[in-house]
>>> print(open('data_32.pdb').read())   # PDB, C-alpha atoms, pLDDT in the B column
ATOM      1  CA  MET F   3      86.587  96.025 149.304  1.00 32.00           C
ATOM      2  CA  SER F   4      86.646  93.062 151.670  1.00 36.00           C
ATOM      3  CA  ARG F   5      84.967  89.853 150.688  1.00 41.00           C
ATOM      4  CA  PRO F   6      82.048  88.321 152.584  1.00 42.00           C
ATOM      5  CA  GLY F   7      83.067  86.610 155.800  1.00 46.00           C
ATOM      6  CA  MET F   8      83.197  82.845 155.999  1.00 48.00           C
ATOM      7  CA  ASP F   9      81.791  82.209 159.437  1.00 52.00           C
ATOM      8  CA  GLY F  10      78.066  82.958 159.630  1.00 48.00           C
ATOM      9  CA  GLN F  11      78.278  82.466 163.394  1.00 54.00           C
ATOM     10  CA  THR F  12      76.603  84.311 166.228  1.00 62.00           C
ATOM     11  CA  ALA F  13      77.897  85.435 169.609  1.00 69.00           C
ATOM     12  CA  SER F  14      75.962  82.566 171.176  1.00 87.00           C
ATOM     13  CA  THR F  15      77.863  80.068 169.002  1.00 90.00           C
ATOM     14  CA  LEU F  16      81.177  81.441 170.245  1.00 93.00           C
ATOM     15  CA  SER F  17      79.962  81.415 173.847  1.00 93.00           C
ATOM     16  CA  TRP F  18      78.741  77.822 173.529  1.00 93.00           C
ATOM     17  CA  CYS F  19      82.020  76.627 172.002  1.00 95.00           C
ATOM     18  CA  ARG F  20      84.053  78.499 174.594  1.00 96.00           C
ATOM     19  CA  ASP F  21      82.140  76.830 177.429  1.00 96.00           C
ATOM     20  CA  TRP F  22      82.453  73.434 175.748  1.00 97.00           C
ATOM     21  CA  VAL F  23      86.232  73.763 175.362  1.00 98.00           C
ATOM     22  CA  SER F  24      86.550  74.880 178.983  1.00 98.00           C
ATOM     23  CA  GLU F  25      84.685  71.743 180.042  1.00 97.00           C
ATOM     24  CA  GLN F  26      86.926  69.514 177.900  1.00 97.00           C
ATOM     25  CA  LEU F  27      90.219  71.051 179.018  1.00 97.00           C
ATOM     26  CA  GLY F  28      89.380  72.198 182.529  1.00 97.00           C
ATOM     27  CA  GLY F  29      89.941  75.871 181.709  1.00 97.00           C
ATOM     28  CA  ILE F  30      90.605  78.253 178.838  1.00 97.00           C
ATOM     29  CA  ARG F  31      93.286  80.648 180.127  1.00 97.00           C
ATOM     30  CA  HIS F  32      95.622  79.865 177.232  1.00 97.00           C
ATOM     31  CA  GLU F  33      92.814  79.864 174.660  1.00 98.00           C
ATOM     32  CA  ARG F  34      91.498  83.212 175.867  1.00 98.00           C
ATOM     33  CA  ARG F  35      94.983  84.700 175.627  1.00 98.00           C
ATOM     34  CA  VAL F  36      95.594  83.304 172.135  1.00 98.00           C
ATOM     35  CA  ALA F  37      92.258  84.743 170.977  1.00 98.00           C
ATOM     36  CA  ALA F  38      93.197  88.182 172.343  1.00 98.00           C
ATOM     37  CA  ILE F  39      96.642  88.161 170.707  1.00 98.00           C
ATOM     38  CA  ALA F  40      95.203  86.974 167.392  1.00 98.00           C
ATOM     39  CA  ARG F  41      92.660  89.810 167.500  1.00 98.00           C
ATOM     40  CA  THR F  42      95.410  92.363 168.190  1.00 98.00           C
ATOM     41  CA  LEU F  43      97.497  91.118 165.266  1.00 98.00           C
ATOM     42  CA  PHE F  44      94.436  91.030 163.005  1.00 98.00           C
ATOM     43  CA  ASP F  45      93.454  94.619 163.820  1.00 98.00           C
ATOM     44  CA  LEU F  46      97.009  95.945 163.679  1.00 98.00           C
ATOM     45  CA  THR F  47      97.482  94.600 160.162  1.00 98.00           C
ATOM     46  CA  LEU F  48      94.106  95.615 158.698  1.00 97.00           C
ATOM     47  CA  PRO F  49      95.764  97.701 155.942  1.00 97.00           C
ATOM     48  CA  MET F  50      97.718  94.594 154.897  1.00 98.00           C
ATOM     49  CA  HIS F  51      94.856  92.147 154.308  1.00 97.00           C
ATOM     50  CA  ASP F  52      91.218  92.046 153.183  1.00 96.00           C
ATOM     51  CA  LEU F  53      89.735  89.871 155.905  1.00 97.00           C
ATOM     52  CA  ASN F  54      86.632  91.178 157.645  1.00 95.00           C
ATOM     53  CA  ARG F  55      84.955  90.986 161.053  1.00 93.00           C
ATOM     54  CA  GLY F  56      83.240  87.721 160.203  1.00 92.00           C
ATOM     55  CA  ASP F  57      86.633  86.218 159.472  1.00 95.00           C
ATOM     56  CA  LEU F  58      87.891  87.554 162.796  1.00 96.00           C
ATOM     57  CA  ARG F  59      85.043  85.776 164.585  1.00 94.00           C
ATOM     58  CA  LEU F  60      86.025  82.564 162.823  1.00 95.00           C
ATOM     59  CA  LEU F  61      89.645  83.116 163.866  1.00 97.00           C
ATOM     60  CA  THR F  62      88.468  83.605 167.442  1.00 97.00           C
ATOM     61  CA  LEU F  63      86.614  80.292 167.301  1.00 97.00           C
ATOM     62  CA  GLY F  64      89.790  78.674 166.001  1.00 98.00           C
ATOM     63  CA  ALA F  65      91.759  80.123 168.904  1.00 98.00           C
ATOM     64  CA  TYR F  66      89.394  78.529 171.406  1.00 98.00           C
ATOM     65  CA  LEU F  67      89.227  75.163 169.639  1.00 98.00           C
ATOM     66  CA  HIS F  68      92.831  74.690 168.477  1.00 98.00           C
ATOM     67  CA  ASP F  69      94.054  72.712 171.508  1.00 98.00           C
ATOM     68  CA  VAL F  70      90.931  70.659 172.255  1.00 98.00           C
ATOM     69  CA  GLY F  71      92.798  67.491 171.284  1.00 98.00           C
ATOM     70  CA  ARG F  72      94.789  67.855 174.505  1.00 98.00           C
ATOM     71  CA  SER F  73      91.713  66.547 176.292  1.00 97.00           C
ATOM     72  CA  ILE F  74      92.738  63.128 174.953  1.00 97.00           C
ATOM     73  CA  ASN F  75      96.481  63.254 174.221  1.00 93.00           C
ATOM     74  CA  ASN F  76      99.067  66.025 174.362  1.00 91.00           C
ATOM     75  CA  LYS F  77     101.570  64.581 171.909  1.00 91.00           C
ATOM     76  CA  ASN F  78      99.190  64.197 168.954  1.00 95.00           C
ATOM     77  CA  HIS F  79      96.695  66.832 170.012  1.00 97.00           C
ATOM     78  CA  ALA F  80      96.658  68.691 166.683  1.00 97.00           C
ATOM     79  CA  SER F  81      95.421  65.763 164.598  1.00 97.00           C
ATOM     80  CA  ILE F  82      93.200  64.502 167.419  1.00 98.00           C
ATOM     81  CA  GLY F  83      91.640  67.945 167.813  1.00 98.00           C
ATOM     82  CA  ALA F  84      90.964  68.171 164.084  1.00 97.00           C
ATOM     83  CA  GLY F  85      89.100  64.885 164.263  1.00 97.00           C
ATOM     84  CA  ILE F  86      87.085  65.979 167.277  1.00 98.00           C
ATOM     85  CA  ILE F  87      85.976  69.154 165.521  1.00 97.00           C
ATOM     86  CA  ARG F  88      84.929  67.192 162.435  1.00 96.00           C
ATOM     87  CA  ARG F  89      82.937  64.601 164.383  1.00 95.00           C
ATOM     88  CA  GLU F  90      81.549  66.334 167.489  1.00 95.00           C
ATOM     89  CA  ARG F  91      77.920  66.981 166.558  1.00 92.00           C
ATOM     90  CA  THR F  92      77.125  68.907 169.724  1.00 91.00           C
ATOM     91  CA  LEU F  93      79.289  71.757 168.412  1.00 93.00           C
ATOM     92  CA  PRO F  94      76.851  74.218 166.764  1.00 93.00           C
ATOM     93  CA  LEU F  95      78.900  74.577 163.574  1.00 94.00           C
ATOM     94  CA  LYS F  96      78.040  74.551 159.890  1.00 92.00           C
ATOM     95  CA  LYS F  97      79.812  72.096 157.588  1.00 92.00           C
ATOM     96  CA  ARG F  98      82.047  74.785 156.114  1.00 91.00           C
ATOM     97  CA  GLN F  99      83.019  76.031 159.550  1.00 94.00           C
ATOM     98  CA  ARG F 100      83.929  72.518 160.652  1.00 95.00           C
ATOM     99  CA  ARG F 101      86.236  72.069 157.692  1.00 95.00           C
ATOM    100  CA  ILE F 102      88.036  75.340 158.309  1.00 96.00           C
ATOM    101  CA  LEU F 103      88.279  74.960 162.089  1.00 97.00           C
ATOM    102  CA  SER F 104      89.450  71.375 161.720  1.00 97.00           C
ATOM    103  CA  TYR F 105      92.186  72.603 159.373  1.00 97.00           C
ATOM    104  CA  LEU F 106      93.244  75.327 161.822  1.00 98.00           C
ATOM    105  CA  ALA F 107      93.529  72.773 164.627  1.00 98.00           C
ATOM    106  CA  LEU F 108      95.460  70.325 162.448  1.00 98.00           C
ATOM    107  CA  ARG F 109      98.035  72.840 161.201  1.00 98.00           C
ATOM    108  CA  HIS F 110      98.397  75.098 164.244  1.00 98.00           C
ATOM    109  CA  ARG F 111     101.626  73.301 165.098  1.00 95.00           C
ATOM    110  CA  GLY F 112     104.288  71.511 163.097  1.00 95.00           C
ATOM    111  CA  GLY F 113     105.054  72.144 159.450  1.00 94.00           C
ATOM    112  CA  VAL F 114     102.572  73.708 157.049  1.00 96.00           C
ATOM    113  CA  PRO F 115     102.652  72.317 153.485  1.00 95.00           C
ATOM    114  CA  GLU F 116     102.386  74.644 150.520  1.00 91.00           C
ATOM    115  CA  ALA F 117      98.787  75.461 149.636  1.00 86.00           C
ATOM    116  CA  GLY F 118      98.877  73.478 146.404  1.00 87.00           C
ATOM    117  CA  SER F 119     100.260  70.355 148.043  1.00 92.00           C
ATOM    118  CA  ASP F 120      98.296  70.302 151.312  1.00 94.00           C
ATOM    119  CA  PRO F 121      95.723  67.480 151.251  1.00 93.00           C
ATOM    120  CA  ALA F 122      93.966  69.021 154.246  1.00 93.00           C
ATOM    121  CA  LEU F 123      93.016  72.025 152.088  1.00 92.00           C
ATOM    122  CA  LYS F 124      91.384  70.044 149.294  1.00 88.00           C
ATOM    123  CA  ARG F 125      87.876  70.379 150.736  1.00 84.00           C
ATOM    124  CA  VAL F 126      88.330  73.942 151.972  1.00 88.00           C
ATOM    125  CA  ASN F 127      87.202  76.846 149.790  1.00 85.00           C
ATOM    126  CA  ASP F 128      89.348  79.980 149.527  1.00 90.00           C
ATOM    127  CA  ALA F 129      92.590  78.352 150.618  1.00 93.00           C
ATOM    128  CA  GLY F 130      94.491  81.640 150.667  1.00 94.00           C
ATOM    129  CA  LYS F 131      92.119  83.195 153.192  1.00 96.00           C
ATOM    130  CA  VAL F 132      92.121  80.088 155.378  1.00 97.00           C
ATOM    131  CA  ARG F 133      95.930  79.958 155.374  1.00 97.00           C
ATOM    132  CA  LEU F 134      96.001  83.590 156.479  1.00 98.00           C
ATOM    133  CA  LEU F 135      93.684  82.769 159.383  1.00 98.00           C
ATOM    134  CA  LEU F 136      96.060  79.919 160.225  1.00 98.00           C
ATOM    135  CA  ALA F 137      99.008  82.325 160.091  1.00 98.00           C
ATOM    136  CA  PHE F 138      97.375  84.617 162.648  1.00 98.00           C
ATOM    137  CA  LEU F 139      96.554  81.646 164.881  1.00 98.00           C
ATOM    138  CA  ARG F 140     100.074  80.209 164.758  1.00 98.00           C
ATOM    139  CA  ALA F 141     101.656  83.582 165.542  1.00 98.00           C
ATOM    140  CA  ALA F 142      99.306  84.192 168.473  1.00 98.00           C
ATOM    141  CA  ASP F 143      99.884  80.686 169.823  1.00 97.00           C
ATOM    142  CA  ALA F 144     103.656  81.256 169.683  1.00 97.00           C
ATOM    143  CA  LEU F 145     103.318  84.313 171.929  1.00 97.00           C
ATOM    144  CA  ASP F 146     101.692  82.463 174.791  1.00 97.00           C
ATOM    145  CA  SER F 147     102.398  79.209 176.585  1.00 94.00           C
ATOM    146  CA  ARG F 148     100.177  76.751 178.392  1.00 91.00           C
ATOM    147  CA  GLY F 149     103.045  75.860 180.720  1.00 89.00           C
ATOM    148  CA  LEU F 150     104.228  79.365 181.638  1.00 92.00           C
ATOM    149  CA  PRO F 151     102.593  82.530 182.975  1.00 93.00           C
ATOM    150  CA  SER F 152     101.418  84.692 180.064  1.00 94.00           C
ATOM    151  CA  PRO F 153     104.023  87.313 179.165  1.00 95.00           C
ATOM    152  CA  ARG F 154     103.274  91.007 178.859  1.00 95.00           C
ATOM    153  CA  LEU F 155     103.243  91.968 175.184  1.00 97.00           C
ATOM    154  CA  SER F 156     103.658  95.239 173.342  1.00 97.00           C
ATOM    155  CA  ILE F 157     102.878  94.962 169.628  1.00 98.00           C
ATOM    156  CA  SER F 158     103.357  97.748 167.094  1.00 98.00           C
ATOM    157  CA  ARG F 159     103.650  98.098 163.327  1.00 98.00           C
ATOM    158  CA  ARG F 160     105.488 100.459 161.024  1.00 98.00           C
ATOM    159  CA  GLY F 161     104.839  99.747 157.375  1.00 97.00           C
ATOM    160  CA  GLN F 162     105.667  96.111 156.628  1.00 97.00           C
ATOM    161  CA  ARG F 163     107.504  95.598 159.917  1.00 98.00           C
ATOM    162  CA  ILE F 164     105.860  94.339 163.101  1.00 98.00           C
ATOM    163  CA  ARG F 165     107.671  94.665 166.408  1.00 97.00           C
ATOM    164  CA  ILE F 166     106.726  92.559 169.407  1.00 97.00           C
ATOM    165  CA  VAL F 167     108.265  93.235 172.808  1.00 96.00           C
ATOM    166  CA  CYS F 168     107.708  90.232 175.048  1.00 96.00           C
ATOM    167  CA  ARG F 169     108.251  90.487 178.804  1.00 94.00           C
ATOM    168  CA  PRO F 170     108.036  87.037 180.439  1.00 93.00           C
ATOM    169  CA  ARG F 171     106.805  87.054 184.020  1.00 89.00           C
ATOM    170  CA  GLU F 172     109.644  84.770 185.028  1.00 83.00           C
ATOM    171  CA  ASP F 173     113.318  84.799 184.058  1.00 83.00           C
ATOM    172  CA  SER F 174     114.100  81.236 183.050  1.00 83.00           C
ATOM    173  CA  ALA F 175     115.870  79.467 180.222  1.00 85.00           C
ATOM    174  CA  LYS F 176     112.530  77.898 179.262  1.00 87.00           C
ATOM    175  CA  ALA F 177     110.778  81.271 178.976  1.00 88.00           C
ATOM    176  CA  ARG F 178     113.604  82.772 176.923  1.00 86.00           C
ATOM    177  CA  ARG F 179     113.651  79.761 174.613  1.00 88.00           C
ATOM    178  CA  ILE F 180     109.901  79.520 174.084  1.00 91.00           C
ATOM    179  CA  PHE F 181     109.232  83.187 173.438  1.00 92.00           C
ATOM    180  CA  SER F 182     112.274  83.621 171.185  1.00 89.00           C
ATOM    181  CA  ARG F 183     111.190  80.976 168.679  1.00 89.00           C
ATOM    182  CA  ARG F 184     110.321  82.256 165.218  1.00 91.00           C
ATOM    183  CA  LYS F 185     109.064  79.097 163.523  1.00 94.00           C
ATOM    184  CA  LYS F 186     105.367  79.787 164.023  1.00 96.00           C
ATOM    185  CA  LEU F 187     105.718  83.424 162.904  1.00 97.00           C
ATOM    186  CA  ARG F 188     107.035  82.615 159.445  1.00 97.00           C
ATOM    187  CA  LEU F 189     103.703  81.829 157.810  1.00 97.00           C
ATOM    188  CA  LEU F 190     102.329  85.237 158.810  1.00 98.00           C
ATOM    189  CA  GLU F 191     105.455  86.914 157.452  1.00 98.00           C
ATOM    190  CA  GLU F 192     104.964  85.026 154.193  1.00 97.00           C
ATOM    191  CA  MET F 193     101.252  85.719 153.865  1.00 97.00           C
ATOM    192  CA  LEU F 194     101.513  89.437 154.684  1.00 98.00           C
ATOM    193  CA  ASP F 195     104.927  89.971 153.066  1.00 98.00           C
ATOM    194  CA  CYS F 196     106.203  91.486 156.293  1.00 98.00           C
ATOM    195  CA  ARG F 197     108.945  91.104 158.875  1.00 97.00           C
ATOM    196  CA  ILE F 198     108.166  90.271 162.510  1.00 97.00           C
ATOM    197  CA  ASP F 199     110.776  91.184 165.102  1.00 96.00           C
ATOM    198  CA  VAL F 200     110.404  89.680 168.575  1.00 95.00           C
ATOM    199  CA  VAL F 201     112.423  91.124 171.436  1.00 94.00           C
ATOM    200  CA  VAL F 202     112.321  89.212 174.728  1.00 93.00           C
ATOM    201  CA  VAL F 203     113.008  91.445 177.731  1.00 92.00           C
ATOM    202  CA  VAL F 204     113.552  89.531 180.942  1.00 81.00           C
ATOM    203  CA  ALA F 205     112.995  90.822 184.453  1.00 64.00           C
ATOM    204  CA  ARG F 206     116.659  91.503 185.197  1.00 60.00           C
ATOM    205  CA  GLY F 207     117.110  93.747 182.202  1.00 51.00           C
ATOM    206  CA  GLY F 208     118.463  91.214 179.744  1.00 54.00           C
ATOM    207  CA  VAL F 209     117.322  91.379 176.114  1.00 53.00           C
ATOM    208  CA  ARG F 210     117.121  88.586 173.596  1.00 57.00           C
ATOM    209  CA  ALA F 211     116.054  89.072 169.987  1.00 57.00           C
ATOM    210  CA  ALA F 212     114.489  86.176 168.117  1.00 60.00           C
ATOM    211  CA  ALA F 213     116.816  84.932 165.395  1.00 51.00           C
TER     212      ALA F 213
END
>>> encode(input="data_32.pdb", output="structure tokens")
Amino acid sequence: MSRPGMDGQTASTLSWCRDWVSEQLGGIRHERRVAAIARTLFDLTLPMHDLNRGDLRLLTLGAYLHDVGRSINNKNHASIGAGIIRRERTLPLKKRQRRILSYLALRHRGGVPEAGSDPALKRVNDAGKVRLLLAFLRAADALDSRGLPSPRLSISRRGQRIRIVCRPREDSAKARRIFSRRKKLRLLEEMLDCRIDVVVVVARGGVRAAA
């Protein structure tokens, strides 16, 4: 049986936050795509976790808010975004939501400390569930790029193995490099005890598997 969700949000909350992020960043193409990929991964792996629809709504909020720090600075946008989410009182969020969403923004890029040694988790209840939401967010973010056209994705699962076929819309060294990276997939593999295979298929028929 799945546990109660952590979000307590309404559709209007999501709509408000989505519009606010769009205003801060000048658009939400990347955020919308990350939210869609995260939802696909979440639904595909339902037999492998006990998160519920409320948790999915919270994950969706995280997908829209994760890059808001870019409105101030690209280089340090993760930590900046976490601070914005904590302090921005116009965001219609409860205290618990702020803590979780701030954590998702902070850790959506870079290294992720172990749960027991992560100071950012000290004020967050149910650290295991929050880290799993982070794992979905990081994986989804890895499969899209703000600086490239969104690739076409085909995602399937057989048992504990997830296969992702990624077809970039342009054949470039940058596209091959970005969509072949595995770093941001590893937390999801760890949390779900699964293997994620990414195959990049470029327009001219070349294939590159993520190492």
>>> resolve_selection(input="data_32.pdb", expression="the PyMOL selection byres ((chain F and resi 22) around 12)", output="VMD selection string")
chain F and resid 15 to 21 23 to 30 63 66 to 67 70 73 87 90 92 to 94
>>> resolve_selection(input="data_32.pdb", expression="the PyMOL selection byres ((chain F and resi 166-169) around 6)", output="NGL selection string")
:F and (153-157 or 165 or 170 or 200-204)
>>> closest_residue(input="data_32.pdb", among="F:Asn75, F:Val126, F:His68, F:Arg133", to="Leu108 in chain F", atoms="all atoms listed in the file")
F:His68
>>> closest_atom_pairs(input="data_32.pdb", of="range 48-146 of chain F", to="range 172-183 of chain F", cutoff="10 Å", atoms="all atoms listed in the file", output="tab-separated table")
residue	atom	partner	partner_atom	distance
F:Ala144	CA	F:Phe181	CA	7.0
F:Leu145	CA	F:Phe181	CA	6.2
F:Asp146	CA	F:Phe181	CA	7.7
>>> closest_atom_pairs(input="data_32.pdb", of="range 102-186 of chain F", to="range 46-49 of chain F", cutoff="9 Å", atoms="only C-alpha atoms", output="Markdown table")
| residue | atom | partner | partner_atom | distance |
| --- | --- | --- | --- | --- |
| F:Ile157 | CA | F:Leu46 | CA | 8.4 |
| F:Ser158 | CA | F:Leu46 | CA | 7.4 |
| F:Arg159 | CA | F:Leu46 | CA | 7.0 |
| F:Ile164 | CA | F:Thr47 | CA | 8.9 |
>>> atom_distance(input="data_32.pdb", atom1="CA of Met50 in chain F", atom2="CA of Leu187 in chain F")
15.9 Å
>>> atom_distance(input="data_32.pdb", atom1="CA of His79 in chain F", atom2="CA of Arg55 in chain F")
28.3 Å
>>> closest_residue(input="data_32.pdb", among="F:Ala137, F:Ile39, F:Leu106, F:Leu61", to="Lys185 in chain F", atoms="only C-alpha atoms")
F:Ala137
>>> residues_around(input="data_32.pdb", residues="Arg188 in chain F", least_positions_apart="5", cutoff="9 Å", atoms="only C-alpha atoms", output="PyMOL selection string")
chain F and resi 137+141+193+197-198
